[in-house]
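What follows is coords_5.txt (compact mmCIF, C-alpha atoms).
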# COMPACT_ATOMS: atom_id res chain seq x y z
CA MET A 19 131.65 81.72 101.58
CA LYS A 20 133.49 85.00 101.99
CA PHE A 21 135.70 85.59 104.98
CA LYS A 22 135.09 88.67 107.11
CA ASP A 23 137.65 90.06 109.50
CA TYR A 24 135.62 90.86 112.60
CA TYR A 25 138.63 92.03 114.58
CA GLN A 26 139.63 94.44 111.85
CA ALA A 27 136.01 95.75 111.67
CA MET A 28 136.27 96.68 115.35
CA GLY A 29 139.84 97.92 115.18
CA LEU A 30 141.03 95.23 117.59
CA GLU A 31 143.88 92.77 117.93
CA ARG A 32 142.91 89.09 117.83
CA THR A 33 144.05 88.83 121.44
CA ALA A 34 141.66 91.56 122.67
CA SER A 35 139.98 90.92 126.03
CA ALA A 36 136.19 90.70 126.39
CA GLU A 37 136.29 94.08 128.13
CA ALA A 38 138.23 95.66 125.24
CA ILE A 39 135.71 94.25 122.74
CA LYS A 40 132.83 95.80 124.66
CA LYS A 41 134.61 99.13 124.93
CA ALA A 42 135.43 99.23 121.23
CA TYR A 43 131.81 98.40 120.37
CA ARG A 44 130.46 101.24 122.53
CA LYS A 45 132.86 103.77 121.11
CA LEU A 46 132.18 102.85 117.48
CA ALA A 47 128.40 102.53 118.04
CA HIS A 48 128.29 106.15 119.21
CA GLN A 49 130.13 107.12 116.05
CA TYR A 50 128.23 105.09 113.47
CA HIS A 51 124.78 104.15 114.82
CA PRO A 52 122.32 105.12 112.06
CA ASP A 53 119.95 106.73 114.58
CA VAL A 54 122.56 109.13 115.91
CA SER A 55 125.24 109.43 113.22
CA LYS A 56 125.32 111.96 110.39
CA ASP A 57 127.86 109.89 108.49
CA PRO A 58 126.14 108.75 105.26
CA ALA A 59 128.17 105.54 105.41
CA GLY A 60 127.32 105.13 109.12
CA GLU A 61 124.58 102.59 108.61
CA GLU A 62 126.79 100.25 106.61
CA LYS A 63 129.65 100.64 109.10
CA PHE A 64 127.34 100.01 112.04
CA LYS A 65 126.00 96.84 110.39
CA GLU A 66 129.55 95.50 110.09
CA LEU A 67 130.27 96.51 113.67
CA ALA A 68 127.08 94.92 115.07
CA GLU A 69 127.77 91.75 113.12
CA ALA A 70 131.34 91.57 114.41
CA TYR A 71 130.26 92.29 117.99
CA ALA A 72 127.45 89.68 117.91
CA THR A 73 130.06 87.01 117.24
CA LEU A 74 133.00 88.28 119.30
CA LYS A 75 131.02 88.96 122.50
CA ASP A 76 129.83 85.35 122.68
CA PRO A 77 132.72 83.11 123.86
CA GLU A 78 131.44 80.03 121.99
CA LYS A 79 131.00 81.90 118.71
CA ARG A 80 134.29 83.73 119.13
CA GLN A 81 136.09 80.42 119.61
CA ALA A 82 134.48 78.98 116.45
CA TYR A 83 135.42 82.14 114.57
CA ASP A 84 139.00 82.08 115.86
CA ASN A 85 139.31 78.47 114.70
CA LEU A 86 138.84 79.68 111.12
CA GLY A 87 142.22 81.35 111.46
CA SER A 88 143.25 84.68 110.05
CA ARG A 89 142.75 85.39 106.33
CA PRO A 90 142.36 88.46 104.18
CA ALA A 91 138.82 89.91 104.34
CA GLY A 92 136.71 88.96 101.31
CA GLU A 93 138.72 85.77 100.60
CA GLN A 94 136.64 82.74 99.59
CA PHE A 95 137.05 79.87 102.02
CA THR A 96 135.58 76.45 102.63
CA PRO A 97 133.83 76.00 105.95
CA PRO A 98 135.42 73.36 108.17
CA PRO A 99 133.99 69.79 108.09
CA ASP A 100 132.33 70.10 111.52
CA TRP A 101 130.22 73.03 110.21
CA GLN A 102 129.20 70.96 107.19
CA GLN A 103 128.20 68.16 109.55
CA ARG A 104 126.33 70.54 111.80
CA TYR A 105 124.25 71.95 108.94
CA LYS A 106 124.01 68.63 107.07
CA THR A 107 125.32 70.21 103.91
CA ASP A 108 128.48 70.08 101.81
CA ALA A 109 130.82 72.95 101.13
CA ALA A 110 128.79 73.99 98.03
CA GLY A 111 125.71 74.41 100.26
CA PHE A 112 127.47 77.36 101.87
CA ASP A 113 128.01 79.22 98.61
CA ASP A 114 125.31 81.88 99.07
CA VAL A 115 125.45 81.90 102.85
CA ASP A 116 126.73 84.89 104.79
CA LEU A 117 129.19 84.31 107.61
CA ALA A 118 126.94 86.32 109.95
CA ASP A 119 124.00 83.99 109.27
CA ILE A 120 126.11 80.98 110.22
CA PHE A 121 126.86 82.49 113.62
CA ALA A 122 123.24 83.57 114.05
CA ALA A 123 122.17 79.95 113.40
CA PHE A 124 124.89 78.58 115.71
CA SER A 125 122.90 78.74 118.91
CA ARG A 126 119.78 77.40 117.19
CA SER A 127 121.46 74.33 115.76
CA GLY A 128 123.12 73.59 119.09
CA ARG A 129 119.80 72.81 120.73
CA GLN A 130 118.25 70.12 118.58
CA ARG A 131 115.07 69.13 120.44
CA GLN A 132 111.75 70.93 120.17
CA PRO A 133 112.61 73.55 117.56
CA ALA A 134 110.99 76.85 118.47
CA PRO A 135 109.53 79.11 115.79
CA VAL A 136 111.87 81.93 114.91
CA ALA A 137 110.30 85.09 113.47
CA GLY A 138 111.91 86.53 110.35
CA GLN A 139 113.84 89.76 110.67
CA ASP A 140 112.47 93.12 109.61
CA TYR A 141 114.53 94.94 107.03
CA GLU A 142 114.62 98.56 106.04
CA VAL A 143 115.79 99.81 102.68
CA ALA A 144 115.98 103.33 101.30
CA ALA A 145 114.41 104.08 97.93
CA HIS A 146 115.97 107.11 96.29
CA ILE A 147 113.57 108.99 94.06
CA SER A 148 113.80 112.25 92.18
CA LEU A 149 111.61 115.23 92.90
CA GLU A 150 110.07 114.76 89.45
CA GLN A 151 109.08 111.16 90.31
CA LEU A 152 107.56 112.38 93.54
CA PHE A 153 105.67 115.06 91.64
CA ARG A 154 104.27 112.78 88.96
CA GLY A 155 103.80 109.57 90.98
CA GLY A 156 104.34 106.25 89.22
CA GLU A 157 106.18 103.06 90.06
CA ILE A 158 109.66 102.49 91.39
CA GLU A 159 111.67 99.34 91.93
CA VAL A 160 113.26 98.57 95.24
CA ARG A 161 115.96 95.95 95.60
CA ALA A 162 116.82 94.15 98.79
CA GLU A 163 118.97 91.16 99.64
CA LEU A 164 116.94 89.06 102.05
CA PRO A 165 117.68 85.83 103.88
CA GLU A 166 115.58 82.70 103.31
CA TYR A 167 116.00 79.68 105.56
CA ASP A 168 116.59 76.20 104.24
CA LYS A 169 115.32 73.13 106.12
CA ASN A 170 118.40 73.11 108.37
CA GLY A 171 117.83 76.66 109.55
CA LEU A 172 120.63 78.10 107.48
CA ALA A 173 119.88 81.48 105.91
CA HIS A 174 120.64 81.89 102.21
CA ARG A 175 120.77 85.40 100.78
CA VAL A 176 118.32 85.99 97.95
CA ASP A 177 118.18 89.12 95.82
CA ARG A 178 114.61 90.39 95.54
CA THR A 179 113.06 93.25 93.63
CA PHE A 180 109.76 94.82 94.62
CA ARG A 181 107.73 97.18 92.49
CA ILE A 182 106.03 99.87 94.48
CA SER A 183 103.70 102.51 93.22
CA ILE A 184 104.31 106.00 94.52
CA PRO A 185 100.93 107.53 95.23
CA LEU A 186 100.28 111.22 94.80
CA GLY A 187 101.07 112.95 98.06
CA ALA A 188 104.08 110.84 99.02
CA ALA A 189 106.76 112.85 100.82
CA ASP A 190 110.44 112.72 101.64
CA GLY A 191 111.15 110.49 104.62
CA GLN A 192 107.82 108.72 104.36
CA ARG A 193 107.91 105.00 105.04
CA LEU A 194 105.85 102.24 103.66
CA ARG A 195 105.61 98.71 104.87
CA LEU A 196 105.50 95.55 102.84
CA ALA A 197 104.03 93.13 105.35
CA GLY A 198 105.64 89.70 105.36
CA LYS A 199 108.23 90.64 102.73
CA GLY A 200 111.22 90.86 105.09
CA GLY A 201 113.35 87.90 106.15
CA SER A 202 111.50 84.58 106.11
CA GLY A 203 110.63 82.90 109.41
CA PHE A 204 111.94 79.52 110.52
CA ASN A 205 110.08 76.60 112.09
CA GLY A 206 106.73 78.26 111.43
CA GLY A 207 107.78 81.71 112.70
CA ARG A 208 106.13 84.63 110.94
CA ALA A 209 108.01 86.40 108.16
CA GLY A 210 109.46 89.82 108.95
CA ASP A 211 108.35 93.02 107.25
CA LEU A 212 110.21 95.11 104.74
CA TYR A 213 110.18 98.85 105.35
CA VAL A 214 110.91 101.18 102.48
CA ALA A 215 111.95 104.73 103.31
CA LEU A 216 111.51 107.25 100.53
CA ALA A 217 114.52 109.50 100.20
CA VAL A 218 114.07 112.34 97.77
CA GLN A 219 117.33 113.28 96.09
CA ALA A 220 118.55 116.83 96.38
CA HIS A 221 117.42 118.84 93.36
CA PRO A 222 119.69 121.31 91.55
CA LEU A 223 116.96 124.00 91.61
CA TYR A 224 114.44 123.31 94.37
CA ARG A 225 114.65 122.82 98.11
CA PHE A 226 111.63 121.38 99.82
CA SER A 227 109.91 121.67 103.15
CA GLY A 228 106.86 119.47 103.45
CA ARG A 229 104.71 120.30 100.43
CA ASP A 230 106.35 123.66 99.78
CA LEU A 231 109.19 124.19 97.36
CA TYR A 232 111.80 126.94 97.48
CA LEU A 233 113.62 128.23 94.44
CA ASP A 234 116.33 130.90 94.34
CA LEU A 235 115.32 133.57 91.84
CA PRO A 236 118.27 135.66 90.66
CA LEU A 237 117.33 139.12 89.34
CA THR A 238 119.41 141.87 87.80
CA PRO A 239 119.57 145.11 89.87
CA TRP A 240 117.49 146.91 87.21
CA GLU A 241 114.81 144.15 87.16
CA ALA A 242 114.47 144.50 90.93
CA VAL A 243 114.36 148.31 90.75
CA LEU A 244 112.14 148.78 87.71
CA GLY A 245 110.05 145.61 87.87
CA ALA A 246 109.91 142.92 85.20
CA THR A 247 108.20 139.76 84.05
CA VAL A 248 110.43 136.70 84.33
CA GLN A 249 109.99 133.03 83.50
CA VAL A 250 110.25 130.69 86.47
CA PRO A 251 110.55 126.88 86.28
CA THR A 252 108.16 124.83 88.43
CA PRO A 253 107.82 121.01 88.53
CA GLY A 254 104.58 121.39 86.56
CA GLY A 255 106.10 123.62 83.86
CA VAL A 256 107.40 127.13 83.31
CA VAL A 257 105.25 130.02 84.60
CA GLU A 258 105.56 133.78 84.15
CA LEU A 259 106.09 135.75 87.30
CA LYS A 260 105.57 139.49 87.60
CA ILE A 261 108.26 141.23 89.61
CA LYS A 262 107.07 144.47 91.18
CA ALA A 263 109.22 147.58 90.97
CA GLY A 264 111.29 147.96 94.16
CA THR A 265 111.58 144.22 94.91
CA GLN A 266 114.14 143.55 97.66
CA ALA A 267 116.69 140.73 97.96
CA GLY A 268 115.45 137.97 100.25
CA GLN A 269 111.77 138.64 99.45
CA LYS A 270 109.74 135.46 98.96
CA LEU A 271 107.32 135.51 96.05
CA ARG A 272 104.60 132.93 96.55
CA LEU A 273 103.24 130.84 93.69
CA ALA A 274 100.21 129.14 95.24
CA GLY A 275 99.52 125.56 94.18
CA ARG A 276 102.89 125.15 92.43
CA GLY A 277 104.45 122.99 95.15
CA LEU A 278 103.98 119.28 95.74
CA THR A 279 100.55 117.66 95.91
CA ALA A 280 99.25 116.24 99.18
CA ALA A 281 97.26 113.01 99.44
CA ASP A 282 94.00 114.98 99.60
CA GLY A 283 94.77 116.70 96.28
CA SER A 284 95.70 120.07 97.78
CA ALA A 285 99.05 121.43 96.71
CA GLY A 286 101.77 123.34 98.50
CA ALA A 287 103.26 126.60 97.27
CA LEU A 288 106.44 127.36 95.41
CA TYR A 289 108.38 130.24 96.92
CA ALA A 290 110.74 132.13 94.65
CA VAL A 291 113.36 133.69 96.92
CA VAL A 292 114.78 136.85 95.35
CA ARG A 293 118.52 137.23 94.97
CA ILE A 294 119.98 140.26 93.31
CA GLU A 295 123.04 139.51 91.22
CA VAL A 296 125.47 141.99 89.77
CA PRO A 297 127.48 141.45 86.59
CA ALA A 298 131.01 140.19 87.23
CA ALA A 299 132.44 142.46 84.51
CA LEU A 300 131.00 145.58 82.87
CA GLY A 301 131.15 146.65 79.27
CA PRO A 302 132.32 150.26 78.57
CA ARG A 303 128.74 151.50 78.02
CA GLU A 304 127.47 149.82 81.21
CA GLN A 305 130.39 151.31 83.13
CA VAL A 306 129.41 154.82 81.99
CA LEU A 307 125.73 154.31 82.84
CA PHE A 308 126.49 152.99 86.33
CA GLU A 309 128.85 155.92 86.96
CA GLN A 310 126.10 158.32 85.88
CA LEU A 311 123.67 156.55 88.18
CA ALA A 312 126.11 156.78 91.09
CA ALA A 313 126.61 160.49 90.47
CA ASN A 314 122.88 161.23 90.29
CA SER A 315 121.35 158.97 92.95
CA ASP A 316 120.93 160.04 96.57
CA PHE A 317 119.88 156.54 97.65
CA ASN A 318 121.76 155.54 100.81
CA PRO A 319 120.98 152.07 102.15
CA ARG A 320 123.19 152.76 105.24
CA ARG A 321 121.33 155.81 106.48
CA HIS A 322 120.22 153.92 109.61
CA PHE A 323 123.91 153.41 110.58
CA LEU A 324 124.13 157.15 111.24
CA THR A 325 120.86 157.40 113.19
CA GLY A 326 121.94 154.32 115.13
CA ALA A 327 125.24 156.02 116.05
CA ALA A 328 123.49 159.19 117.20
CA ALA A 329 121.07 157.30 119.47
CA MET B 92 116.29 87.75 89.86
CA ASN B 93 113.06 87.46 91.78
CA ARG B 94 110.52 90.18 90.98
CA GLN B 95 107.24 90.72 92.67
CA LEU B 96 104.56 93.35 92.79
CA SER B 97 103.66 94.08 96.36
CA GLU B 98 100.86 95.68 98.22
CA ALA B 99 102.46 98.35 100.31
CA VAL B 100 100.87 100.14 103.22
CA TRP B 101 101.63 103.80 103.79
CA LEU B 102 102.37 104.16 107.46
CA ASN B 103 100.61 107.47 107.92
CA ASP B 104 97.26 106.28 106.55
CA ALA B 105 96.26 103.66 109.10
CA VAL B 106 96.07 103.20 112.87
CA CYS B 107 96.99 100.32 115.18
CA ASP B 108 96.74 99.38 118.85
CA ILE B 109 99.44 99.23 121.51
CA GLU B 110 99.76 95.44 121.21
CA HIS B 111 100.74 95.85 117.58
CA LEU B 112 103.41 98.44 118.47
CA ALA B 113 104.81 96.05 121.06
CA GLU B 114 104.76 93.07 118.71
CA VAL B 115 106.54 94.69 115.76
CA SER B 116 109.14 96.45 117.90
CA GLY B 117 109.96 93.68 120.33
CA LEU B 118 109.37 96.06 123.25
CA SER B 119 107.05 94.97 126.06
CA ILE B 120 103.64 96.62 126.36
CA SER B 121 104.77 98.33 129.57
CA GLU B 122 107.83 99.73 127.77
CA VAL B 123 105.60 101.13 125.02
CA ASN B 124 103.33 102.54 127.72
CA ASP B 125 106.35 104.28 129.28
CA LEU B 126 107.01 106.01 125.96
CA VAL B 127 103.37 107.11 125.82
CA ASP B 128 103.50 108.41 129.42
CA ILE B 129 106.65 110.41 128.72
CA GLY B 130 105.00 111.84 125.58
CA VAL B 131 107.40 110.40 123.02
CA ILE B 132 104.47 108.62 121.37
CA VAL B 133 101.13 110.39 121.22
CA PRO B 134 97.93 108.38 120.66
CA SER B 135 96.00 109.50 117.60
CA GLY B 136 92.61 108.86 119.20
CA ARG B 137 90.61 106.95 121.78
CA PRO B 138 87.64 105.42 119.99
CA ALA B 139 85.27 103.41 122.24
CA GLY B 140 87.56 103.21 125.25
CA THR B 141 90.57 101.90 123.32
CA VAL B 142 93.73 103.79 122.49
CA VAL B 143 94.95 103.84 118.89
CA PHE B 144 98.16 105.07 117.34
CA GLN B 145 99.13 106.13 113.85
CA LEU B 146 100.88 103.24 112.16
CA CYS B 147 103.94 105.42 111.55
CA GLN B 148 104.64 105.17 115.31
CA VAL B 149 105.92 101.70 114.41
CA LEU B 150 109.09 103.50 113.33
CA THR B 151 109.41 105.28 116.67
CA VAL B 152 109.04 102.09 118.72
CA LYS B 153 111.42 100.21 116.47
CA ARG B 154 113.96 103.01 116.89
CA ALA B 155 113.38 102.86 120.66
CA ARG B 156 114.13 99.17 120.59
CA ARG B 157 117.33 99.71 118.58
CA LEU B 158 118.54 102.42 120.96
CA ARG B 159 117.71 100.28 123.99
CA ASP B 160 119.55 97.23 122.64
CA ASP B 161 122.47 98.84 120.82
CA PHE B 162 123.38 101.31 123.61
CA GLN B 163 121.98 99.38 126.58
CA LEU B 164 119.77 102.35 127.58
CA ASP B 165 117.05 102.32 130.21
CA HIS B 166 113.65 103.80 129.38
CA HIS B 167 114.62 107.32 130.53
CA GLY B 168 117.67 107.22 128.29
CA VAL B 169 115.61 105.94 125.35
CA ALA B 170 113.01 108.69 125.81
CA LEU B 171 115.67 111.39 126.04
CA ALA B 172 117.52 110.12 122.97
CA LEU B 173 114.27 109.94 120.96
CA THR B 174 113.30 113.48 121.95
CA LEU B 175 116.70 114.86 121.01
CA ILE B 176 116.82 112.93 117.72
CA ARG B 177 113.41 114.31 116.78
CA ARG B 178 114.50 117.86 117.67
CA ILE B 179 117.66 117.48 115.59
CA GLY B 180 115.50 116.27 112.68
CA GLU B 181 113.30 119.36 112.89
CA LEU B 182 116.29 121.69 113.05
CA GLN B 183 117.98 119.89 110.16
CA ALA B 184 114.83 120.32 108.03
CA GLU B 185 114.76 124.04 108.81
CA LEU B 186 118.44 124.34 107.99
CA ASP B 187 117.94 122.58 104.64
CA VAL B 188 115.28 125.12 103.66
CA LEU B 189 117.44 128.09 104.64
CA ARG B 190 120.50 126.86 102.83
CA HIS B 191 121.11 127.35 99.14
CA PRO B 192 120.76 124.23 97.02
CA GLY B 193 124.46 124.33 96.21
CA ALA B 194 125.22 123.98 99.91
CA ARG B 195 123.20 120.78 100.28

Here is the file; what I need is its structure written in the form of structure tokens.
Amino acid sequence: MKFKDYYQAMGLERTASAEAIKKAYRKLAHQYHPDVSKDPAGEEKFKELAEAYATLKDPEKRQAYDNLGSRPAGEQFTPPPDWQQRYKTDAAGFDDVDLADIFAAFSRSGRQRQPAPVAGQDYEVAAHISLEQLFRGGEIEVRAELPEYDKNGLAHRVDRTFRISIPLGAADGQRLRLAGKGGSGFNGGRAGDLYVALAVQAHPLYRFSGRDLYLDLPLTPWEAVLGATVQVPTPGGVVELKIKAGTQAGQKLRLAGRGLTAADGSAGALYAVVRIEVPAALGPREQVLFEQLAANSDFNPRRHFLTGAAA
Amino acid sequence: MNRQLSEAVWLNDAVCDIEHLAEVSGLSISEVNDLVDIGVIVPSGRPAGTVVFQLCQVLTVKRARRLRDDFQLDHHGVALALTLIRRIGELQAELDVLRHPGAR
């Protein structure tokens, strides 16, 4: 079994008072709680914090934890003989057991008579998929480490893989539930559920909002002024897009049906957002042509500055 | 490693009753009712005198339970936090669309 330093996880001294433990928990929970934190590592940090707090706030569990002494986090250690007696197992029986599960089972094993059914825990895992996978559908694999109880009520961590098919119309943030596939129950308690949250990875080209996709479309100044036909990538393949003469930066060109497909078969749009880019360096011929253009054009995009000043 | 093919249920396809929301979240029925009264959870319909909810509300009630337990909030605090979290989510989504991909 691996040792975890609960005091270190909460930034506390081993002599911290119950009040200091509570205060540290509150402060760190505000910082890392997955429902309120923007920190991508927040969820993992909050799990460690909640696990540490669950043991340290309970005087009986804290005492048992303190009796283990202080060791470096992650160090393998052998549980003391009274734990082995309590769970009717030898040291090897603790190999795949998490320290948190021992403390969770502590209160259960204390009361021997009339074992009550304990429902399995629900678990939530994120499944990261690419925009292309979302577009085409297909199957993905989701891995989760889930606890299974042995006959003594001790949870052993088991690595499980689930294959899930992504139906057409799935969207970022959508959840699906695998009923009864979460943590197993104990003493006849029902098994928990496993929730899978689809997280679509950021794409180098597209941004998405619901079913609609947004793509930045860089144009040269002359393409925007004179009009052009350009090739535009979409998840379903390259399409040709006609740019009208006099196209402005920021204009959104709508490609109907080129976004993501909804469950009912209808598809969102792809919006090409025009950006006008200028060359970083000019060749001698280009330099001459631009200078000629500057000398001959009476276009003034700041004309309204002057009318604004007069008003 | 243990592999299995599972039947998954998409949470926005089906409906459930208030008892189900209470059972999976660990909230009491009256606590779920409070969330409905405040408007944090909106019923999806009322067929034949019963009230049904979209199954995805399971996520809202589970979040409510987490906020209640992890921050020791009362039901007003839970409702306020849920409303603000939802609003932040909407604003974040808008911001993601407005930003260039390189900025994400």

- Message: Please identify all residues of chain A having at least one atom at most 9 Å from any atom of chain B, considering all atoms listed in the file, and return them as a PyMOL selection string.
- Response: chain A and resi 44+47-48+51+53-54+68+140+176-183+188+192-197+199+210-211+220-227+231-234

Those selected residues, please, written with C-alpha atoms and delivered as a short mmCIF file (atom, residue, chain, number, x, y, z; two decimals), keeping the file's coordinate frame.
data_model
loop_
_atom_site.label_atom_id
_atom_site.label_comp_id
_atom_site.auth_asym_id
_atom_site.auth_seq_id
_atom_site.Cartn_x
_atom_site.Cartn_y
_atom_site.Cartn_z
CA ARG A 44 130.46 101.24 122.53
CA ALA A 47 128.40 102.53 118.04
CA HIS A 48 128.29 106.15 119.21
CA HIS A 51 124.78 104.15 114.82
CA ASP A 53 119.95 106.73 114.58
CA VAL A 54 122.56 109.13 115.91
CA ALA A 68 127.08 94.92 115.07
CA ASP A 140 112.47 93.12 109.61
CA VAL A 176 118.32 85.99 97.95
CA ASP A 177 118.18 89.12 95.82
CA ARG A 178 114.61 90.39 95.54
CA THR A 179 113.06 93.25 93.63
CA PHE A 180 109.76 94.82 94.62
CA ARG A 181 107.73 97.18 92.49
CA ILE A 182 106.03 99.87 94.48
CA SER A 183 103.70 102.51 93.22
CA ALA A 188 104.08 110.84 99.02
CA GLN A 192 107.82 108.72 104.36
CA ARG A 193 107.91 105.00 105.04
CA LEU A 194 105.85 102.24 103.66
CA ARG A 195 105.61 98.71 104.87
CA LEU A 196 105.50 95.55 102.84
CA ALA A 197 104.03 93.13 105.35
CA LYS A 199 108.23 90.64 102.73
CA GLY A 210 109.46 89.82 108.95
CA ASP A 211 108.35 93.02 107.25
CA ALA A 220 118.55 116.83 96.38
CA HIS A 221 117.42 118.84 93.36
CA PRO A 222 119.69 121.31 91.55
CA LEU A 223 116.96 124.00 91.61
CA TYR A 224 114.44 123.31 94.37
CA ARG A 225 114.65 122.82 98.11
CA PHE A 226 111.63 121.38 99.82
CA SER A 227 109.91 121.67 103.15
CA LEU A 231 109.19 124.19 97.36
CA TYR A 232 111.80 126.94 97.48
CA LEU A 233 113.62 128.23 94.44
CA ASP A 234 116.33 130.90 94.34
#

- d(atom CA of A:Gln26, atom CA of A:Glu66) in Å: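 Atom CA of A:Glu66 lies at a distance of 10.3 Å from atom CA of A:Gln26.
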
- Counting all atoms listed in the file, which residues come within 9 Å of (104.1, 135.1, 98.5), with the point read in the file's coordinates, and could you list them as a ChimeraX atom specification? /A:269-274,287-290

Residues from last step as file, C-alpha atoms, as a PDB file, in the frame of the given file:
ATOM      1  CA  GLN A 269     111.770 138.640  99.450  1.00  0.00           C
ATOM      2  CA  LYS A 270     109.740 135.460  98.960  1.00  0.00           C
ATOM      3  CA  LEU A 271     107.320 135.510  96.050  1.00  0.00           C
ATOM      4  CA  ARG A 272     104.600 132.930  96.550  1.00  0.00           C
ATOM      5  CA  LEU A 273     103.240 130.840  93.690  1.00  0.00           C
ATOM      6  CA  ALA A 274     100.210 129.140  95.240  1.00  0.00           C
ATOM      7  CA  ALA A 287     103.260 126.600  97.270  1.00  0.00           C
ATOM      8  CA  LEU A 288     106.440 127.360  95.410  1.00  0.00           C
ATOM      9  CA  TYR A 289     108.380 130.240  96.920  1.00  0.00           C
ATOM     10  CA  ALA A 290     110.740 132.130  94.650  1.00  0.00           C
TER      11      ALA A 290
END

Would you give the centre and edge lengths, in Å to one decimal, of a box along x, y and z around the listed atoms of stretch 158-166 of chain A, with 5 Å added to each side, as AutoDock Vina command-line options?
--center_x 114.3 --center_y 92.6 --center_z 97.6 --size_x 19.3 --size_y 29.8 --size_z 22.5

- Message: Residues near A:Trp240, anyone? I mean within 10 Å using all atoms listed in the file, not counting same-chain ones fewer than 4 positions away, as a PyMOL selection string.
- Response: chain A and resi 244-246+263-264+294+296

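The two atoms in question, atom CA of A:Gly156 and atom CA of A:Gly200, are spaced 23.2 Å apart.
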
Starting from the incomplete input, reconstruct N, CA and C atoms of stretch 146-159 of chain B and write that as a compact mmCIF listing (two decimals), in the frame of the given file.
# COMPACT_ATOMS: atom_id res chain seq x y z
N LEU B 146 99.99 104.36 112.48
CA LEU B 146 100.88 103.24 112.16
C LEU B 146 102.34 103.68 112.03
N CYS B 147 102.55 104.98 111.70
CA CYS B 147 103.94 105.42 111.55
C CYS B 147 104.69 105.40 112.89
N GLN B 148 103.96 105.28 114.01
CA GLN B 148 104.64 105.17 115.31
C GLN B 148 105.43 103.87 115.40
N VAL B 149 105.13 102.93 114.50
CA VAL B 149 105.92 101.70 114.41
C VAL B 149 107.40 102.05 114.30
N LEU B 150 107.69 103.11 113.54
CA LEU B 150 109.09 103.50 113.33
C LEU B 150 109.71 104.02 114.62
N THR B 151 108.90 104.74 115.41
CA THR B 151 109.41 105.28 116.67
C THR B 151 109.72 104.14 117.65
N VAL B 152 108.79 103.18 117.76
CA VAL B 152 109.04 102.09 118.72
C VAL B 152 110.17 101.19 118.26
N LYS B 153 110.29 101.04 116.95
CA LYS B 153 111.42 100.21 116.47
C LYS B 153 112.75 100.91 116.74
N ARG B 154 112.75 102.24 116.59
CA ARG B 154 113.96 103.01 116.89
C ARG B 154 114.26 102.91 118.39
N ALA B 155 113.20 102.98 119.21
CA ALA B 155 113.38 102.86 120.66
C ALA B 155 114.03 101.53 121.01
N ARG B 156 113.58 100.49 120.34
CA ARG B 156 114.13 99.17 120.59
C ARG B 156 115.61 99.12 120.20
N ARG B 157 115.93 99.71 119.03
CA ARG B 157 117.33 99.71 118.58
C ARG B 157 118.22 100.45 119.58
N LEU B 158 117.74 101.63 120.03
CA LEU B 158 118.54 102.42 120.96
C LEU B 158 118.73 101.67 122.27
N ARG B 159 117.65 101.04 122.74
CA ARG B 159 117.71 100.28 123.99
C ARG B 159 118.75 99.16 123.87
